[in-house]
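Student: My structure is in structure-v4.cif, and what it holds is mmCIF, C-alpha atoms:
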```cif
data_input
loop_
_atom_site.label_atom_id
_atom_site.label_comp_id
_atom_site.auth_asym_id
_atom_site.auth_seq_id
_atom_site.Cartn_x
_atom_site.Cartn_y
_atom_site.Cartn_z
CA ALA A 1 112.17 91.48 124.99
CA GLN A 2 114.10 89.10 122.81
CA SER A 3 116.17 89.96 119.75
CA VAL A 4 118.37 88.34 117.16
CA THR A 5 121.47 89.73 115.48
CA GLN A 6 122.87 88.22 112.32
CA LEU A 7 126.41 89.38 111.63
CA GLY A 8 127.04 89.92 107.94
CA SER A 9 124.18 90.71 105.61
CA HIS A 10 126.15 89.12 102.77
CA VAL A 11 128.50 86.13 102.92
CA SER A 12 130.37 84.62 99.98
CA VAL A 13 132.12 81.28 100.08
CA SER A 14 133.71 79.08 97.45
CA GLU A 15 132.02 75.86 96.44
CA GLY A 16 133.31 73.11 98.73
CA ALA A 17 134.37 75.52 101.46
CA LEU A 18 133.00 75.78 104.98
CA VAL A 19 129.81 77.80 105.43
CA LEU A 20 129.51 79.77 108.67
CA LEU A 21 126.55 82.09 109.25
CA ARG A 22 126.50 83.89 112.57
CA CYS A 23 123.55 84.45 114.86
CA ASN A 24 123.51 85.93 118.34
CA TYR A 25 120.41 86.25 120.44
CA SER A 26 119.31 88.26 123.40
CA SER A 27 116.77 86.81 125.77
CA SER A 28 116.15 86.93 129.50
CA VAL A 29 114.63 83.44 129.45
CA PRO A 30 115.75 80.22 127.76
CA PRO A 31 115.18 80.66 124.05
CA TYR A 32 113.97 78.43 121.29
CA LEU A 33 116.07 79.10 118.22
CA PHE A 34 115.49 78.47 114.54
CA TRP A 35 117.22 78.78 111.20
CA TYR A 36 115.13 79.27 108.08
CA VAL A 37 116.22 79.41 104.45
CA GLN A 38 114.52 81.41 101.72
CA TYR A 39 115.14 80.72 98.04
CA PRO A 40 114.22 83.41 95.48
CA ASN A 41 110.49 84.02 95.19
CA GLN A 42 109.72 81.36 97.75
CA GLY A 43 108.60 81.27 101.35
CA LEU A 44 110.80 80.35 104.26
CA GLN A 45 111.75 76.74 104.88
CA LEU A 46 112.73 75.44 108.30
CA LEU A 47 116.33 74.21 108.33
CA LEU A 48 116.63 73.28 111.99
CA LYS A 49 115.53 74.22 115.48
CA TYR A 50 116.91 74.20 119.00
CA THR A 51 114.36 73.41 121.70
CA SER A 52 116.54 72.76 124.79
CA ALA A 53 117.43 69.17 123.99
CA ALA A 54 120.83 68.56 122.39
CA THR A 55 122.93 71.69 121.95
CA LEU A 56 124.21 70.51 118.56
CA VAL A 57 121.31 70.40 116.18
CA LYS A 58 121.39 68.77 112.78
CA GLY A 59 119.08 69.96 110.05
CA ILE A 60 118.30 69.39 106.43
CA ASN A 61 120.73 69.71 103.52
CA GLY A 62 123.77 68.98 105.71
CA PHE A 63 123.42 72.07 107.90
CA GLU A 64 123.91 72.08 111.63
CA ALA A 65 123.96 74.65 114.41
CA GLU A 66 125.31 74.70 117.93
CA PHE A 67 123.61 76.45 120.82
CA LYS A 68 126.17 78.11 123.08
CA LYS A 69 124.55 79.72 126.07
CA SER A 70 127.77 81.31 127.33
CA GLU A 71 128.19 83.10 124.00
CA THR A 72 124.44 83.61 123.37
CA SER A 73 125.08 82.25 119.91
CA PHE A 74 123.46 79.82 117.48
CA HIS A 75 125.74 79.84 114.44
CA LEU A 76 124.84 77.84 111.35
CA THR A 77 127.49 75.73 109.64
CA LYS A 78 127.92 73.36 106.73
CA PRO A 79 131.26 71.63 106.08
CA SER A 80 131.16 71.90 102.30
CA ALA A 81 129.17 74.50 100.37
CA HIS A 82 127.17 73.52 97.32
CA MET A 83 125.90 75.81 94.61
CA SER A 84 122.34 74.98 95.63
CA ASP A 85 122.98 76.52 99.06
CA ALA A 86 122.82 80.02 97.59
CA ALA A 87 119.86 81.65 99.34
CA GLU A 88 118.95 83.97 102.18
CA TYR A 89 119.15 82.59 105.70
CA PHE A 90 117.23 83.84 108.70
CA CYS A 91 117.83 83.17 112.36
CA ALA A 92 114.81 83.48 114.65
CA VAL A 93 113.96 83.22 118.32
CA SER A 94 110.86 82.33 120.29
CA VAL A 95 110.90 82.58 124.05
CA GLY A 96 109.22 81.22 127.10
CA PRO A 97 106.78 78.41 127.68
CA LEU A 98 103.74 78.67 125.51
CA ASN A 99 100.78 80.29 127.12
CA ASN A 100 97.37 78.79 126.79
CA PHE A 101 97.10 80.25 123.33
CA GLY A 102 100.07 78.35 121.95
CA ASN A 103 101.57 81.42 120.29
CA GLU A 104 104.92 80.60 118.67
CA LYS A 105 105.52 84.17 117.53
CA LEU A 106 109.04 84.49 116.14
CA THR A 107 111.44 87.40 116.20
CA PHE A 108 113.66 87.25 113.12
CA GLY A 109 117.11 88.53 112.37
CA THR A 110 117.62 90.68 109.30
CA GLY A 111 118.94 87.80 107.24
CA THR A 112 122.21 86.81 105.59
CA ARG A 113 122.44 86.35 101.85
CA LEU A 114 124.78 83.48 101.01
CA THR A 115 126.53 83.48 97.66
CA ILE A 116 128.48 80.45 96.45
CA ILE A 117 131.46 81.11 94.19
CA PRO A 118 132.07 78.37 91.60
CA GLY B 1 96.66 70.68 100.70
CA ALA B 2 100.25 69.61 100.92
CA GLY B 3 101.57 73.07 101.72
CA VAL B 4 100.50 76.57 102.67
CA SER B 5 98.93 78.26 99.69
CA GLN B 6 98.73 82.01 99.25
CA SER B 7 96.92 84.02 96.63
CA PRO B 8 97.46 86.06 94.66
CA SER B 9 101.19 85.60 94.28
CA ASN B 10 101.53 89.17 93.04
CA LYS B 11 99.23 92.14 93.47
CA VAL B 12 99.66 95.63 92.12
CA THR B 13 97.18 98.16 93.42
CA GLU B 14 96.67 101.88 93.34
CA LYS B 15 97.20 103.94 96.44
CA GLY B 16 93.97 104.26 98.37
CA LYS B 17 92.44 101.01 97.15
CA ASP B 18 91.58 98.08 99.44
CA VAL B 19 93.24 94.68 98.97
CA GLU B 20 92.55 91.20 100.26
CA LEU B 21 95.25 88.57 100.61
CA ARG B 22 94.33 84.95 101.08
CA CYS B 23 96.01 82.11 102.92
CA ASP B 24 95.09 78.42 102.84
CA PRO B 25 97.00 76.65 105.63
CA ILE B 26 97.95 73.01 105.77
CA SER B 27 94.92 70.92 106.58
CA GLY B 28 94.68 70.30 110.32
CA HIS B 29 97.02 73.12 111.31
CA THR B 30 95.19 75.09 113.96
CA ALA B 31 97.81 77.83 114.35
CA LEU B 32 98.15 80.45 111.59
CA TYR B 33 100.46 83.45 111.39
CA TRP B 34 100.85 86.44 109.11
CA TYR B 35 104.21 88.14 108.67
CA ARG B 36 105.34 91.01 106.51
CA GLN B 37 108.73 91.06 104.77
CA SER B 38 109.89 94.41 103.52
CA LEU B 39 113.18 96.01 102.58
CA GLY B 40 114.78 97.61 105.56
CA GLN B 41 112.33 96.08 108.04
CA GLY B 42 113.06 92.40 107.69
CA LEU B 43 110.35 89.97 108.77
CA GLU B 44 107.71 91.44 111.05
CA PHE B 45 105.02 89.53 112.90
CA LEU B 46 101.51 90.79 112.16
CA ILE B 47 98.91 88.51 113.72
CA TYR B 48 98.41 85.03 115.17
CA PHE B 49 95.30 82.87 114.92
CA GLN B 50 94.43 79.89 117.06
CA GLY B 51 91.49 78.36 115.27
CA ASN B 52 89.26 81.27 114.32
CA SER B 53 90.37 83.48 117.21
CA ALA B 54 93.21 85.98 117.08
CA PRO B 55 94.69 86.21 120.58
CA ASP B 56 97.67 88.20 119.34
CA LYS B 57 97.15 91.10 116.95
CA SER B 58 100.04 93.09 118.34
CA GLY B 59 101.89 93.35 115.04
CA LEU B 60 99.18 94.94 112.93
CA PRO B 61 100.70 98.31 112.01
CA SER B 62 97.50 100.35 111.90
CA ASP B 63 93.73 100.10 111.94
CA ARG B 64 93.83 99.88 108.15
CA PHE B 65 94.98 96.28 108.61
CA SER B 66 92.59 93.52 109.64
CA ALA B 67 92.45 89.77 109.33
CA GLU B 68 89.97 87.02 109.83
CA ARG B 69 89.92 83.28 109.73
CA THR B 70 86.90 81.11 109.07
CA GLY B 71 86.24 77.43 109.65
CA GLY B 72 89.60 77.11 111.33
CA SER B 73 91.11 77.14 107.87
CA VAL B 74 91.31 79.95 105.32
CA SER B 75 92.51 83.35 106.47
CA THR B 76 92.16 86.71 104.76
CA LEU B 77 94.36 89.72 105.46
CA THR B 78 92.69 92.96 104.41
CA ILE B 79 94.47 96.27 103.94
CA GLN B 80 92.21 99.27 103.52
CA ARG B 81 93.19 102.49 101.80
CA THR B 82 96.58 101.13 100.82
CA GLN B 83 99.65 103.32 101.10
CA GLN B 84 103.00 103.01 99.37
CA GLU B 85 104.64 101.94 102.62
CA ASP B 86 102.38 98.87 102.59
CA SER B 87 104.39 97.50 99.66
CA ALA B 88 105.99 94.28 100.89
CA VAL B 89 105.77 90.51 100.70
CA TYR B 90 103.07 89.18 103.00
CA LEU B 91 103.84 85.70 104.27
CA CYS B 92 101.45 83.28 105.88
CA ALA B 93 102.54 80.31 107.98
CA SER B 94 100.77 77.51 109.77
CA SER B 95 101.63 74.92 112.38
CA LEU B 96 100.18 72.38 114.70
CA LEU B 97 99.76 73.79 118.16
CA SER B 98 102.85 72.92 120.15
CA ARG B 99 103.12 71.57 123.64
CA ARG B 100 103.87 74.04 126.36
CA THR B 101 107.60 73.39 126.42
CA ASP B 102 108.27 72.66 122.78
CA ARG B 103 108.05 74.32 119.42
CA SER B 104 106.90 72.70 116.22
CA GLY B 105 108.18 75.29 113.80
CA TYR B 106 106.21 76.73 110.95
CA THR B 107 105.47 75.93 107.34
CA PHE B 108 105.45 79.12 105.30
CA GLY B 109 103.63 79.88 102.10
CA SER B 110 105.38 81.51 99.15
CA GLY B 111 103.89 84.87 99.96
CA THR B 112 101.97 87.61 98.20
CA ARG B 113 104.09 90.41 96.78
CA LEU B 114 102.06 93.60 97.16
CA THR B 115 103.05 96.70 95.24
CA VAL B 116 101.18 99.94 95.87
CA VAL B 117 101.62 102.49 93.10
#
```
Show this structure as structure tokens.
Tutor:
Amino acid sequence: AQSVTQLGSHVSVSEGALVLLRCNYSSSVPPYLFWYVQYPNQGLQLLLKYTSAATLVKGINGFEAEFKKSETSFHLTKPSAHMSDAAEYFCAVSVGPLNNFGNEKLTFGTGTRLTIIP
Amino acid sequence: GAGVSQSPSNKVTEKGKDVELRCDPISGHTALYWYRQSLGQGLEFLIYFQGNSAPDKSGLPSDRFSAERTGGSVSTLTIQRTQQEDSAVYLCASSLLSRRTDRSGYTFGSGTRLTVV
């Protein structure tokens, strides 16, 4: 079975500083990896996804993530934090080729709450 | 519609009552998912619909939980005889069916916050 571990339930960075949110996965087959962001009282919004093409994936709002198979990691980064980045971030994994039912069931990490310090 | 719509946005119910949560997916999205987000449990998969069929119900926590989807569109999640541990945010998501070796990613609704008192 697959799993996702997000190190650090809370991360605080200063405005303008580098954002680094960590995600490690466990999977016996090549994974598909996702980062979602959740703003207060809203649903989850897809930031970016890795689907076995380029290992460096660029997403919305200036975020990017790099798939490193040797480290089983998919860390999320942004060079310069903005106040509007304050939210909760979830890493998720989906594994294996889709069966005939096309089920993209995701296994989520427990989330990292990002706080931006003015 | 433009996004995934869920109703109600908030629901407070008494223990033992039944509740129905509604999800309107994006038009044309054949895949629909329900997840539950609760403190201490994170995001848990509940059920997956392809069209009106539910080939994966593995996440439904008990037989008090059921879901249906009609017309390949609207889905209803029903919780019977609600318990306090059912308190959570219930999220619905939809997507186009992906190709065998790709993933499309989901669009989530804003969720229904259920409080059982």
Student: Could you tell me which residues of chain A sit within 10 Å of chain B when counting only C-alpha atoms, and give me the result as a VMD selection string?
Tutor: chain A and resid 32 to 34 36 38 to 53 90 92 94 to 111
Student: Emit as JSON the padded axis-aligned box for all listed atoms of range 63-66 of chain B, 4 Å per side, with centre and edge lengths in Å to one decimal.
Tutor:
```
{"center_x": 93.8, "center_y": 96.8, "center_z": 110.0, "size_x": 10.4, "size_y": 14.6, "size_z": 11.8}
```
Student: So how many Å separate CA of Gln6 in chain A and CA of Ile60 in chain A, to one decimal?
Tutor: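 Rounded to one decimal, the two atoms are 20.3 Å apart.
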Student: For CA of Val116 in chain B and CA of Ser75 in chain B, quote the distance in Å rounded to one decimal.
Tutor: 21.5 Å
Student: Please determine, counting only C-alpha atoms, which residue among A:Ser9, A:Val4, A:Phe63, A:Leu20 has the shortest atom-to-atom distance to Thr112 in chain A.
Tutor: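 Checking each candidate against Thr112 in chain A, we get A:Ser9 as the closest.
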Student: Please enumerate the residues selected by the PyMOL selection byres ((chain B and resi 25) around 6) when evaluated against the supplied file, formatted as a list of chain:residue names.
Tutor: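 When the PyMOL selection byres ((chain B and resi 25) around 6) is applied, the selected residues are B:Val4, B:Asp24, B:Ile26, B:Ser94.
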Student: Ranking A:Val37, A:Val93, A:Glu64, A:Leu114 by minimum distance to Ser3 in chain A and counting only C-alpha atoms, which one comes first?
Tutor: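 That would be A:Val93, the residue with the smallest distance to Ser3 in chain A.
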